[in-house]
>>> print(open('final33.txt').read())   # compact mmCIF, C-alpha atoms and all ligand atoms
# COMPACT_ATOMS: atom_id res chain seq x y z
CA ASP E 1 162.63 46.94 29.43
CA ARG E 2 161.86 49.37 32.25
CA LEU E 3 164.25 47.51 34.51
CA LYS E 4 166.98 47.75 31.93
CA GLN E 5 166.47 51.50 31.53
CA LYS E 6 166.62 52.03 35.26
CA SER E 7 169.90 50.23 35.68
CA VAL E 8 171.38 52.21 32.80
CA SER E 9 170.43 55.51 34.42
CA ILE E 10 171.88 54.41 37.76
CA VAL E 11 175.15 53.55 36.09
CA GLN E 12 175.28 56.75 34.07
CA ASN E 13 174.20 59.15 36.78
CA PRO E 14 177.54 59.66 38.57
CA VAL E 15 180.07 61.85 36.80
CA SER E 16 181.70 59.61 34.24
CA SER E 17 185.04 61.42 33.92
CA ALA E 18 188.10 59.19 33.98
CA ALA E 19 189.71 61.88 36.16
CA VAL E 20 187.72 60.88 39.29
CA ASN E 21 190.64 59.01 40.83
CA HIS E 22 193.13 61.86 40.43
CA LYS E 23 194.15 63.73 43.59
CA LEU E 24 192.90 67.02 42.10
CA TRP E 25 189.44 65.60 41.44
CA PRO E 26 187.66 66.95 44.57
CA GLU E 27 188.92 70.45 43.73
CA ILE E 28 188.05 70.12 40.02
CA GLU E 29 184.53 68.99 40.89
CA LYS E 30 183.99 71.74 43.46
CA VAL E 31 185.42 74.65 41.47
CA THR E 32 183.67 73.60 38.23
CA MET E 33 180.24 73.42 39.88
CA GLU E 34 180.81 76.71 41.75
CA GLN E 35 181.81 78.41 38.51
CA LEU E 36 178.76 77.04 36.72
CA HIS E 37 176.51 78.44 39.43
CA TYR E 38 178.30 81.79 39.36
CA ALA E 39 178.16 82.01 35.56
CA ARG E 40 174.43 81.32 35.53
CA LEU E 41 173.61 84.18 37.90
CA GLY E 42 172.55 87.15 35.81
CA VAL E 43 174.57 90.33 36.32
CA GLY E 44 171.54 91.69 38.21
CA GLU E 45 171.15 88.77 40.65
CA ASP E 46 174.86 88.57 41.45
CA VAL E 47 176.41 90.02 44.58
CA GLY E 48 178.27 93.25 43.91
CA VAL E 49 177.70 95.76 41.20
CA TRP E 50 178.78 95.07 37.64
CA GLN E 51 179.86 97.84 35.38
CA LEU E 52 179.34 97.46 31.63
CA PHE E 53 182.62 98.29 29.87
CA ALA E 54 182.28 96.88 26.38
CA GLU E 55 179.38 96.19 24.06
CA ASP E 56 179.36 94.95 20.50
CA GLY E 57 176.23 93.49 18.85
CA GLU E 58 174.91 90.98 21.37
CA MET E 59 178.16 90.89 23.35
CA ARG E 60 178.15 92.55 26.78
CA MET E 61 181.20 92.73 29.02
CA TYR E 62 181.05 93.67 32.67
CA ARG E 63 183.72 94.11 35.31
CA ARG E 64 184.02 94.93 38.97
CA GLU E 65 187.00 96.90 40.17
CA GLU E 66 188.71 94.91 42.93
CA GLU E 67 192.18 94.89 44.40
CA VAL E 68 193.95 92.39 46.65
CA ASP E 69 197.19 93.55 48.32
CA GLY E 70 197.33 96.44 45.87
CA LEU E 71 197.00 94.15 42.83
CA VAL E 72 194.15 94.47 40.32
CA VAL E 73 191.98 91.32 40.36
CA ASP E 74 188.86 92.78 38.66
CA PRO E 75 186.30 90.00 38.11
CA LEU E 76 184.99 89.94 34.55
CA LYS E 77 181.73 88.56 33.23
CA ALA E 78 180.71 88.50 29.59
CA CYS E 79 177.58 87.32 27.77
CA HIS E 80 177.25 86.75 24.07
CA VAL E 81 175.08 84.95 21.54
CA VAL E 82 176.83 83.05 18.77
CA ARG E 83 174.92 81.80 15.75
CA GLY E 84 175.60 78.54 13.90
CA VAL E 85 177.50 76.70 16.65
CA THR E 86 176.58 74.61 19.69
CA GLY E 87 177.74 74.89 23.29
CA ARG E 88 179.58 71.63 22.89
CA GLU E 89 181.50 72.89 19.85
CA LEU E 90 182.43 76.19 21.51
CA CYS E 91 183.59 74.45 24.67
CA GLN E 92 185.54 71.81 22.76
CA ILE E 93 187.44 74.51 20.88
CA PHE E 94 188.09 76.51 24.08
CA PHE E 95 189.38 73.36 25.80
CA SER E 96 191.41 71.59 23.11
CA PRO E 97 195.13 72.38 22.84
CA GLU E 98 195.17 72.01 19.04
CA TYR E 99 192.98 75.10 18.54
CA ARG E 100 194.52 77.36 21.20
CA SER E 101 196.98 79.27 19.04
CA GLY E 102 194.19 79.90 16.51
CA TRP E 103 192.25 82.18 18.86
CA GLU E 104 194.32 82.99 21.99
CA THR E 105 195.80 86.38 21.08
CA THR E 106 197.81 86.93 24.29
CA LEU E 107 199.65 83.60 24.05
CA GLU E 108 203.36 83.20 23.53
CA ASP E 109 203.72 79.48 24.31
CA MET E 110 201.53 76.58 25.44
CA THR E 111 202.43 73.07 26.66
CA VAL E 112 200.23 70.28 27.98
CA ALA E 113 201.99 69.66 31.32
CA GLU E 114 199.82 66.68 32.29
CA THR E 115 197.01 64.69 30.70
CA ILE E 116 194.73 63.71 33.58
CA SER E 117 192.06 62.29 31.25
CA ASN E 118 190.50 63.15 27.89
CA ASP E 119 188.34 65.82 29.57
CA THR E 120 190.95 67.17 32.02
CA LEU E 121 194.37 68.60 31.17
CA ILE E 122 197.00 70.71 32.91
CA PHE E 123 198.36 73.55 30.77
CA MET E 124 201.56 75.54 31.15
CA GLN E 125 201.32 78.82 29.22
CA THR E 126 203.44 81.90 28.80
CA HIS E 127 201.71 85.09 27.77
CA LYS E 128 202.94 88.14 25.92
CA ARG E 129 204.67 90.75 28.03
CA ILE E 130 202.77 93.90 28.97
CA TRP E 131 205.14 96.81 29.23
CA PRO E 132 206.40 97.90 31.78
CA ALA E 133 205.55 94.79 33.85
CA SER E 134 207.33 91.42 33.74
CA GLN E 135 206.12 88.68 31.46
CA ARG E 136 203.48 86.36 32.94
CA ASP E 137 202.98 82.61 32.89
CA ALA E 138 200.09 80.42 34.07
CA LEU E 139 199.81 76.79 35.16
CA PHE E 140 196.22 75.60 35.36
CA TRP E 141 193.98 72.57 35.10
CA SER E 142 191.27 72.70 32.48
CA HIS E 143 188.14 70.56 32.63
CA ILE E 144 185.31 70.15 30.13
CA ARG E 145 181.93 68.57 30.83
CA SER E 146 178.23 68.64 29.99
CA VAL E 147 175.59 69.07 32.67
CA PRO E 148 171.80 68.83 32.51
CA ASP E 149 170.12 72.24 32.54
CA THR E 150 168.39 72.10 35.94
CA GLU E 151 166.49 75.34 35.28
CA ASP E 152 165.01 73.93 32.08
CA PRO E 153 165.05 70.11 32.06
CA ASP E 154 163.61 70.07 28.50
CA ALA E 155 166.50 72.11 27.14
CA SER E 156 169.68 70.54 25.81
CA ASP E 157 172.61 70.03 28.20
CA LEU E 158 174.88 72.90 29.14
CA TRP E 159 178.58 72.65 28.37
CA ILE E 160 181.25 74.15 30.58
CA VAL E 161 185.01 74.52 30.52
CA CYS E 162 186.59 75.53 33.81
CA ASN E 163 190.24 76.61 34.13
CA HIS E 164 191.84 77.00 37.56
CA SER E 165 195.43 77.56 38.67
CA THR E 166 197.33 74.67 40.15
CA GLU E 167 200.87 73.63 41.16
CA LEU E 168 203.29 71.06 39.81
CA PRO E 169 206.80 70.39 41.14
CA GLN E 170 208.14 70.37 37.55
CA TYR E 171 206.90 73.95 37.03
CA PRO E 172 207.74 76.03 40.13
CA PRO E 173 206.51 79.64 40.00
CA ASN E 174 208.65 82.78 39.69
CA THR E 175 211.97 81.09 38.98
CA GLY E 176 212.71 82.46 35.51
CA LYS E 177 211.79 85.67 33.76
CA CYS E 178 208.05 85.14 34.26
CA VAL E 179 205.76 86.04 37.17
CA ARG E 180 203.06 83.42 37.76
CA VAL E 181 199.43 84.60 37.46
CA TYR E 182 196.56 82.89 39.30
CA LEU E 183 193.32 82.46 37.44
CA THR E 184 189.83 81.07 37.65
CA VAL E 185 188.02 81.13 34.33
CA CYS E 186 184.91 79.49 32.95
CA LEU E 187 183.06 79.36 29.67
CA VAL E 188 179.48 78.10 29.66
CA GLY E 189 177.48 77.42 26.48
CA GLN E 190 173.74 76.79 26.15
CA THR E 191 172.40 75.72 22.76
CA PHE E 192 169.07 76.91 21.34
CA ILE E 193 167.37 75.33 18.34
CA ASP E 194 164.75 77.11 16.24
CA PRO E 195 162.14 74.69 14.94
CA PRO E 196 163.34 73.87 11.42
CA LYS E 197 161.11 75.02 8.58
CA ASP E 198 159.15 72.39 6.55
CA SER E 199 160.29 69.61 8.94
CA LYS E 200 163.70 69.65 7.31
CA LYS E 201 166.84 68.52 9.04
CA ILE E 202 168.26 70.99 11.59
CA SER E 203 170.88 73.16 9.91
CA ARG E 204 173.43 75.58 11.36
CA GLU E 205 171.02 78.43 10.54
CA ASP E 206 168.62 77.03 13.14
CA ILE E 207 171.05 76.98 16.04
CA SER E 208 172.52 79.58 18.32
CA CYS E 209 174.47 79.43 21.52
CA LYS E 210 174.25 81.66 24.54
CA ILE E 211 177.64 81.91 26.17
CA THR E 212 178.85 83.25 29.48
CA TYR E 213 182.54 83.81 30.14
CA CYS E 214 183.79 84.63 33.65
CA SER E 215 187.34 85.38 34.65
CA VAL E 216 189.32 86.41 37.71
CA VAL E 217 193.06 86.80 37.23
CA ASN E 218 195.48 87.76 39.99
CA PRO E 219 198.61 89.13 38.30
CA GLY E 220 200.76 87.54 41.02
CA GLY E 221 203.15 90.45 41.37
CA TRP E 222 203.59 94.09 40.61
CA ALA E 223 201.83 95.42 37.53
CA PRO E 224 200.62 99.01 37.33
CA ALA E 225 196.84 99.06 37.87
CA SER E 226 196.09 101.62 35.16
CA VAL E 227 198.09 99.75 32.53
CA LEU E 228 196.54 96.41 33.48
CA ARG E 229 193.00 97.81 33.35
CA ALA E 230 193.67 99.42 29.98
CA VAL E 231 195.07 96.13 28.63
CA TYR E 232 192.07 94.13 29.93
CA LYS E 233 189.65 96.67 28.45
CA ARG E 234 191.25 96.17 25.05
CA GLU E 235 192.18 92.47 25.19
CA TYR E 236 189.03 90.81 26.61
CA PRO E 237 186.63 92.08 23.91
CA LYS E 238 189.27 91.26 21.31
CA PHE E 239 189.58 87.73 22.72
CA LEU E 240 185.83 87.03 22.81
CA LYS E 241 185.21 88.36 19.29
CA ARG E 242 188.17 86.50 17.88
CA PHE E 243 187.32 83.28 19.74
CA THR E 244 183.66 83.23 18.63
CA SER E 245 184.39 84.04 14.98
CA TYR E 246 187.13 81.40 15.00
CA CYS E 247 184.57 78.82 16.25
CA ILE E 248 182.05 79.75 13.54
CA GLU E 249 184.77 79.40 10.92
CA GLN E 250 186.01 76.05 12.29
CA CYS E 251 182.52 74.53 12.48
CA LYS E 252 180.79 75.86 9.37
CA ASP E 253 181.47 72.93 7.03
CA LYS E 254 181.35 70.20 9.66
CA PRO E 255 178.37 68.17 10.90
CA ILE E 256 176.69 69.75 13.96
CA GLN E 257 177.82 68.29 17.27
CA PHE E 258 175.07 68.55 19.86
O1 LIG G 301 190.46 82.53 29.02
C1 LIG G 301 191.28 82.78 28.17
N1 LIG G 301 192.23 81.94 27.82
C2 LIG G 301 192.39 80.62 28.36
C3 LIG G 301 193.32 79.82 27.50
O2 LIG G 301 194.52 80.45 27.29
C4 LIG G 301 192.86 80.60 29.79
C5 LIG G 301 193.96 81.56 30.05
C6 LIG G 301 193.93 82.60 30.78
C7 LIG G 301 195.16 83.37 31.03
C8 LIG G 301 194.85 84.71 31.45
C9 LIG G 301 196.12 85.37 31.83
C10 LIG G 301 196.28 86.57 31.11
C11 LIG G 301 197.39 87.35 31.76
C12 LIG G 301 198.31 87.86 30.78
C13 LIG G 301 197.72 88.98 30.04
C14 LIG G 301 198.68 89.32 28.99
C15 LIG G 301 198.07 90.31 28.09
C16 LIG G 301 199.03 90.51 27.01
C17 LIG G 301 198.64 91.63 26.15
C18 LIG G 301 199.58 91.69 25.03
C19 LIG G 301 199.60 93.02 24.39
O3 LIG G 301 191.77 80.75 30.62
C20 LIG G 301 191.25 84.15 27.46
C21 LIG G 301 192.06 85.14 28.21
C22 LIG G 301 191.99 86.49 27.59
C23 LIG G 301 192.86 87.48 28.32
C24 LIG G 301 192.75 88.84 27.77
>>> encode(input="final33.txt", output="structure tokens")
Amino acid sequence: DRLKQKSVSIVQNPVSSAAVNHKLWPEIEKVTMEQLHYARLGVGEDVGVWQLFAEDGEMRMYRREEEVDGLVVDPLKACHVVRGVTGRELCQIFFSPEYRSGWETTLEDMTVAETISNDTLIFMQTHKRIWPASQRDALFWSHIRSVPDTEDPDASDLWIVCNHSTELPQYPPNTGKCVRVYLTVCLVGQTFIDPPKDSKKISREDISCKITYCSVVNPGGWAPASVLRAVYKREYPKFLKRFTSYCIEQCKDKPIQF
């Protein structure tokens, strides 16, 4: 029996994604693990100084003012606690195309440009125009996975979705009315379970999820800094509140997915 268990763990240890043979895989692997590390650093342990710009209940949003070639690329980091949902459920909803229009408030259009595997997709999106700048679009791979919590091996697995800009010959940048943005985004969810009262089955009241959302978006071309910063200040809190309440609503009558 011990032998059997050992061979199972050897087989299951390597990343099991069906995307491993894709040419983007080394990049997907590297960027996802880097983002996970970066997300797990507290705002105090991180390099650079974070400035709190929005707060609502347990939600905290921080940014750092940064510019590259005169373009605003302010890194953003947000932490929140969501009750009644798991990290897996939050990440699944953030990743899956069928839910996107239900929570993504800045979206105009979304297409799955390539299905690499069931956990890795390439999305082509157009976003709403911000006056007076040109409309923006984004082409990015999106990867979802669970990883053991190395800091607390007894805790349940962490779930992460990582989105990162890519290129495809079918979708060249800056050819139509849109300017291409370049993004690196991640959402990490860690599930906590309160011991259920009177040894009853775990219910949604006993679970909560700590989430971290990190984002760096390069606008790709001219956009006035003050307008962009004002839009981010309004849109990011709106996004996180809408996204989390959408997840609670979607999950409430369904069996818990750990
Ligand atoms: O992370 C978020 N969404 C993901 C799924 O769509 C994905 C996409 C990120 C795109 C970020 C580009 C935004 C640039 C365009 C901003 C347009 C603002 C329009 C305002 C309309 C009045 O990672 C959530 C992204 C939330 C952005 C606020």
>>> closest_residue(input="final33.txt", among="E:Arg204, E:Lys30, E:Lys197, E:Lys238", to="ligand LIG 301 (chain G)", atoms="all atoms listed in the file")
E:Lys238
>>> residues_around(input="final33.txt", residues="region 125-130 of chain E", least_positions_apart="6", cutoff="8 Å", atoms="only C-alpha atoms", output="ChimeraX atom specification")
/E:106-111,136-139,178
>>> write_last_selection(input="final33.txt", atoms="C-alpha atoms", output="PDB file, in the frame of the given file")
ATOM      1  CA  THR E 106     197.810  86.930  24.290  1.00  0.00           C
ATOM      2  CA  LEU E 107     199.650  83.600  24.050  1.00  0.00           C
ATOM      3  CA  GLU E 108     203.360  83.200  23.530  1.00  0.00           C
ATOM      4  CA  ASP E 109     203.720  79.480  24.310  1.00  0.00           C
ATOM      5  CA  MET E 110     201.530  76.580  25.440  1.00  0.00           C
ATOM      6  CA  THR E 111     202.430  73.070  26.660  1.00  0.00           C
ATOM      7  CA  ARG E 136     203.480  86.360  32.940  1.00  0.00           C
ATOM      8  CA  ASP E 137     202.980  82.610  32.890  1.00  0.00           C
ATOM      9  CA  ALA E 138     200.090  80.420  34.070  1.00  0.00           C
ATOM     10  CA  LEU E 139     199.810  76.790  35.160  1.00  0.00           C
ATOM     11  CA  CYS E 178     208.050  85.140  34.260  1.00  0.00           C
TER      12      CYS E 178
END
>>> closest_residue(input="final33.txt", among="E:Val161, E:Cys251, E:Leu168, E:Ile193", to="ligand LIG 301 (chain G)", atoms="only C-alpha atoms and all ligand atoms")
E:Val161
>>> residues_around(input="final33.txt", residues="Trp131 (chain E)", least_positions_apart="2", cutoff="12 Å", atoms="only C-alpha atoms", output="list in words")
Lys128, Arg129, Ala133, Ser134, Gln135, Arg136, Trp222, Ala223, Pro224, Ser226, Val227, Leu228, Ala230 and Val231 of chain E
>>> write_last_selection(input="final33.txt", atoms="C-alpha atoms", output="mmCIF file, keeping the file's coordinate frame")
data_model
loop_
_atom_site.group_PDB
_atom_site.id
_atom_site.type_symbol
_atom_site.label_atom_id
_atom_site.label_comp_id
_atom_site.auth_asym_id
_atom_site.auth_seq_id
_atom_site.Cartn_x
_atom_site.Cartn_y
_atom_site.Cartn_z
ATOM 1 C CA LYS E 128 202.940 88.140 25.920
ATOM 2 C CA ARG E 129 204.670 90.750 28.030
ATOM 3 C CA ALA E 133 205.550 94.790 33.850
ATOM 4 C CA SER E 134 207.330 91.420 33.740
ATOM 5 C CA GLN E 135 206.120 88.680 31.460
ATOM 6 C CA ARG E 136 203.480 86.360 32.940
ATOM 7 C CA TRP E 222 203.590 94.090 40.610
ATOM 8 C CA ALA E 223 201.830 95.420 37.530
ATOM 9 C CA PRO E 224 200.620 99.010 37.330
ATOM 10 C CA SER E 226 196.090 101.620 35.160
ATOM 11 C CA VAL E 227 198.090 99.750 32.530
ATOM 12 C CA LEU E 228 196.540 96.410 33.480
ATOM 13 C CA ALA E 230 193.670 99.420 29.980
ATOM 14 C CA VAL E 231 195.070 96.130 28.630
#
>>> closest_residue(input="final33.txt", among="E:Glu34, E:Glu89, E:Asp56, E:Glu98", to="ligand LIG 301 (chain G)", atoms="all atoms listed in the file")
E:Glu98
>>> atom_distance(input="final33.txt", atom1="CA of Glu235 (chain E)", atom2="CA of Glu45 (chain E)")
26.4 Å
>>> axis_aligned_box(input="final33.txt", around="ligand LIG 301 (chain G)", padding_each_side="6 Å", output="JSON")
{"center_x": 195.0, "center_y": 86.4, "center_z": 28.1, "size_x": 21.1, "size_y": 25.2, "size_z": 19.4}
>>> atom_distance(input="final33.txt", atom1="CA of Ala155 (chain E)", atom2="CA of Ala78 (chain E)")
21.8 Å
>>> residues_near_point(input="final33.txt", point="(185.3, 78.5, 31.7)", cutoff="12 Å", atoms="all atoms listed in the file", output="PyMOL selection string")
chain E and resi 31-40+76-78+87+90-95+140-145+159-164+183-189+211-216
>>> atom_distance(input="final33.txt", atom1="CA of Thr120 (chain E)", atom2="CA of Lys252 (chain E)")
26.3 Å
>>> closest_residue(input="final33.txt", among="E:Cys209, E:Ala225, E:Ala18, E:Leu52", to="Thr244 (chain E)", atoms="all atoms listed in the file")
E:Cys209
>>> residues_around(input="final33.txt", residues="Lys254 (chain E)", least_positions_apart="3", cutoff="12 Å", atoms="all atoms listed in the file", output="MDAnalysis selection string")
chainID E and resid 84:86 89 203:204 247:251 257
>>> closest_residue(input="final33.txt", among="E:Asp194, E:Phe258, E:Leu121, E:Gly102", to="Ser156 (chain E)", atoms="only C-alpha atoms")
E:Phe258
>>> closest_residue(input="final33.txt", among="E:Val49, E:Arg100, E:Gly176, E:Ile116", to="Asn21 (chain E)", atoms="only C-alpha atoms")
E:Ile116
>>> residues_around(input="final33.txt", residues="Met59 (chain E)", least_positions_apart="6", cutoff="8 Å", atoms="only C-alpha atoms", output="PyMOL selection string")
chain E and resi 78-81
>>> decode(input="final33.txt", residues="region 149-181 of chain E", atoms="N, CA and C atoms", output="PDB file, in the first residue's frame")
ATOM      1  N   ASP E 149      -0.008  25.386  -0.250  1.00  0.00           N
ATOM      2  CA  ASP E 149       0.408  26.561   0.516  1.00  0.00           C
ATOM      3  C   ASP E 149       1.700  26.216   1.253  1.00  0.00           C
ATOM      4  N   THR E 150       2.842  26.658   0.704  1.00  0.00           N
ATOM      5  CA  THR E 150       4.134  26.270   1.282  1.00  0.00           C
ATOM      6  C   THR E 150       4.349  26.884   2.663  1.00  0.00           C
ATOM      7  N   GLU E 151       3.702  28.042   2.912  1.00  0.00           N
ATOM      8  CA  GLU E 151       3.885  28.687   4.223  1.00  0.00           C
ATOM      9  C   GLU E 151       3.072  27.990   5.305  1.00  0.00           C
ATOM     10  N   ASP E 152       2.037  27.283   4.911  1.00  0.00           N
ATOM     11  CA  ASP E 152       1.204  26.561   5.864  1.00  0.00           C
ATOM     12  C   ASP E 152       0.744  25.255   5.214  1.00  0.00           C
ATOM     13  N   PRO E 153       1.589  24.211   5.314  1.00  0.00           N
ATOM     14  CA  PRO E 153       1.283  22.955   4.611  1.00  0.00           C
ATOM     15  C   PRO E 153      -0.020  22.298   5.068  1.00  0.00           C
ATOM     16  N   ASP E 154      -0.534  22.676   6.260  1.00  0.00           N
ATOM     17  CA  ASP E 154      -1.799  22.102   6.736  1.00  0.00           C
ATOM     18  C   ASP E 154      -3.011  22.813   6.149  1.00  0.00           C
ATOM     19  N   ALA E 155      -2.774  23.995   5.611  1.00  0.00           N
ATOM     20  CA  ALA E 155      -3.898  24.763   5.049  1.00  0.00           C
ATOM     21  C   ALA E 155      -4.307  24.182   3.699  1.00  0.00           C
ATOM     22  N   SER E 156      -5.499  24.586   3.241  1.00  0.00           N
ATOM     23  CA  SER E 156      -5.940  24.104   1.928  1.00  0.00           C
ATOM     24  C   SER E 156      -5.108  24.790   0.833  1.00  0.00           C
ATOM     25  N   ASP E 157      -5.138  24.217  -0.361  1.00  0.00           N
ATOM     26  CA  ASP E 157      -4.352  24.762  -1.475  1.00  0.00           C
ATOM     27  C   ASP E 157      -4.748  26.194  -1.798  1.00  0.00           C
ATOM     28  N   LEU E 158      -3.800  26.924  -2.355  1.00  0.00           N
ATOM     29  CA  LEU E 158      -4.096  28.269  -2.853  1.00  0.00           C
ATOM     30  C   LEU E 158      -4.563  28.121  -4.294  1.00  0.00           C
ATOM     31  N   TRP E 159      -5.398  29.045  -4.733  1.00  0.00           N
ATOM     32  CA  TRP E 159      -5.776  29.079  -6.154  1.00  0.00           C
ATOM     33  C   TRP E 159      -5.304  30.398  -6.736  1.00  0.00           C
ATOM     34  N   ILE E 160      -4.822  30.321  -7.963  1.00  0.00           N
ATOM     35  CA  ILE E 160      -4.355  31.539  -8.638  1.00  0.00           C
ATOM     36  C   ILE E 160      -4.841  31.570 -10.086  1.00  0.00           C
ATOM     37  N   VAL E 161      -5.190  32.776 -10.526  1.00  0.00           N
ATOM     38  CA  VAL E 161      -5.372  33.027 -11.961  1.00  0.00           C
ATOM     39  C   VAL E 161      -4.346  34.084 -12.322  1.00  0.00           C
ATOM     40  N   CYS E 162      -3.587  33.828 -13.392  1.00  0.00           N
ATOM     41  CA  CYS E 162      -2.615  34.816 -13.846  1.00  0.00           C
ATOM     42  C   CYS E 162      -2.951  35.182 -15.294  1.00  0.00           C
ATOM     43  N   ASN E 163      -3.009  36.466 -15.563  1.00  0.00           N
ATOM     44  CA  ASN E 163      -3.254  36.982 -16.923  1.00  0.00           C
ATOM     45  C   ASN E 163      -2.025  37.768 -17.370  1.00  0.00           C
ATOM     46  N   HIS E 164      -1.564  37.515 -18.594  1.00  0.00           N
ATOM     47  CA  HIS E 164      -0.356  38.207 -19.058  1.00  0.00           C
ATOM     48  C   HIS E 164      -0.435  38.409 -20.566  1.00  0.00           C
ATOM     49  N   SER E 165      -0.088  39.610 -21.009  1.00  0.00           N
ATOM     50  CA  SER E 165      -0.207  39.945 -22.432  1.00  0.00           C
ATOM     51  C   SER E 165       0.647  39.040 -23.309  1.00  0.00           C
ATOM     52  N   THR E 166       0.129  38.776 -24.496  1.00  0.00           N
ATOM     53  CA  THR E 166       0.834  37.941 -25.453  1.00  0.00           C
ATOM     54  C   THR E 166       0.594  38.467 -26.865  1.00  0.00           C
ATOM     55  N   GLU E 167       1.102  37.736 -27.859  1.00  0.00           N
ATOM     56  CA  GLU E 167       0.938  38.144 -29.264  1.00  0.00           C
ATOM     57  C   GLU E 167       0.372  36.986 -30.057  1.00  0.00           C
ATOM     58  N   LEU E 168      -0.423  37.309 -31.067  1.00  0.00           N
ATOM     59  CA  LEU E 168      -0.898  36.297 -32.008  1.00  0.00           C
ATOM     60  C   LEU E 168      -0.953  36.962 -33.378  1.00  0.00           C
ATOM     61  N   PRO E 169      -0.469  36.266 -34.418  1.00  0.00           N
ATOM     62  CA  PRO E 169      -0.478  36.875 -35.751  1.00  0.00           C
ATOM     63  C   PRO E 169      -1.885  37.300 -36.215  1.00  0.00           C
ATOM     64  N   GLN E 170      -2.905  36.549 -35.760  1.00  0.00           N
ATOM     65  CA  GLN E 170      -4.292  36.881 -36.161  1.00  0.00           C
ATOM     66  C   GLN E 170      -4.796  38.169 -35.516  1.00  0.00           C
ATOM     67  N   TYR E 171      -4.126  38.629 -34.457  1.00  0.00           N
ATOM     68  CA  TYR E 171      -4.586  39.834 -33.748  1.00  0.00           C
ATOM     69  C   TYR E 171      -3.438  40.835 -33.584  1.00  0.00           C
ATOM     70  N   PRO E 172      -2.957  41.420 -34.701  1.00  0.00           N
ATOM     71  CA  PRO E 172      -1.859  42.388 -34.576  1.00  0.00           C
ATOM     72  C   PRO E 172      -2.307  43.627 -33.814  1.00  0.00           C
ATOM     73  N   PRO E 173      -1.386  44.251 -33.048  1.00  0.00           N
ATOM     74  CA  PRO E 173      -1.775  45.422 -32.254  1.00  0.00           C
ATOM     75  C   PRO E 173      -1.868  46.692 -33.096  1.00  0.00           C
ATOM     76  N   ASN E 174      -2.668  47.631 -32.612  1.00  0.00           N
ATOM     77  CA  ASN E 174      -2.705  49.011 -33.139  1.00  0.00           C
ATOM     78  C   ASN E 174      -2.970  49.101 -34.648  1.00  0.00           C
ATOM     79  N   THR E 175      -3.864  48.279 -35.144  1.00  0.00           N
ATOM     80  CA  THR E 175      -4.183  48.343 -36.573  1.00  0.00           C
ATOM     81  C   THR E 175      -5.546  48.986 -36.818  1.00  0.00           C
ATOM     82  N   GLY E 176      -6.429  48.912 -35.843  1.00  0.00           N
ATOM     83  CA  GLY E 176      -7.762  49.498 -36.013  1.00  0.00           C
ATOM     84  C   GLY E 176      -7.911  50.733 -35.167  1.00  0.00           C
ATOM     85  N   LYS E 177      -9.070  50.869 -34.552  1.00  0.00           N
ATOM     86  CA  LYS E 177      -9.308  52.064 -33.735  1.00  0.00           C
ATOM     87  C   LYS E 177      -8.726  51.926 -32.323  1.00  0.00           C
ATOM     88  N   CYS E 178      -8.322  50.702 -31.953  1.00  0.00           N
ATOM     89  CA  CYS E 178      -7.864  50.484 -30.578  1.00  0.00           C
ATOM     90  C   CYS E 178      -6.349  50.538 -30.432  1.00  0.00           C
ATOM     91  N   VAL E 179      -5.902  51.024 -29.273  1.00  0.00           N
ATOM     92  CA  VAL E 179      -4.498  50.952 -28.865  1.00  0.00           C
ATOM     93  C   VAL E 179      -4.384  49.739 -27.943  1.00  0.00           C
ATOM     94  N   ARG E 180      -3.351  48.919 -28.159  1.00  0.00           N
ATOM     95  CA  ARG E 180      -3.173  47.712 -27.353  1.00  0.00           C
ATOM     96  C   ARG E 180      -2.567  48.033 -25.990  1.00  0.00           C
ATOM     97  N   VAL E 181      -3.184  47.554 -24.912  1.00  0.00           N
ATOM     98  CA  VAL E 181      -2.583  47.700 -23.576  1.00  0.00           C
ATOM     99  C   VAL E 181      -1.796  46.426 -23.251  1.00  0.00           C
TER     100      VAL E 181
END
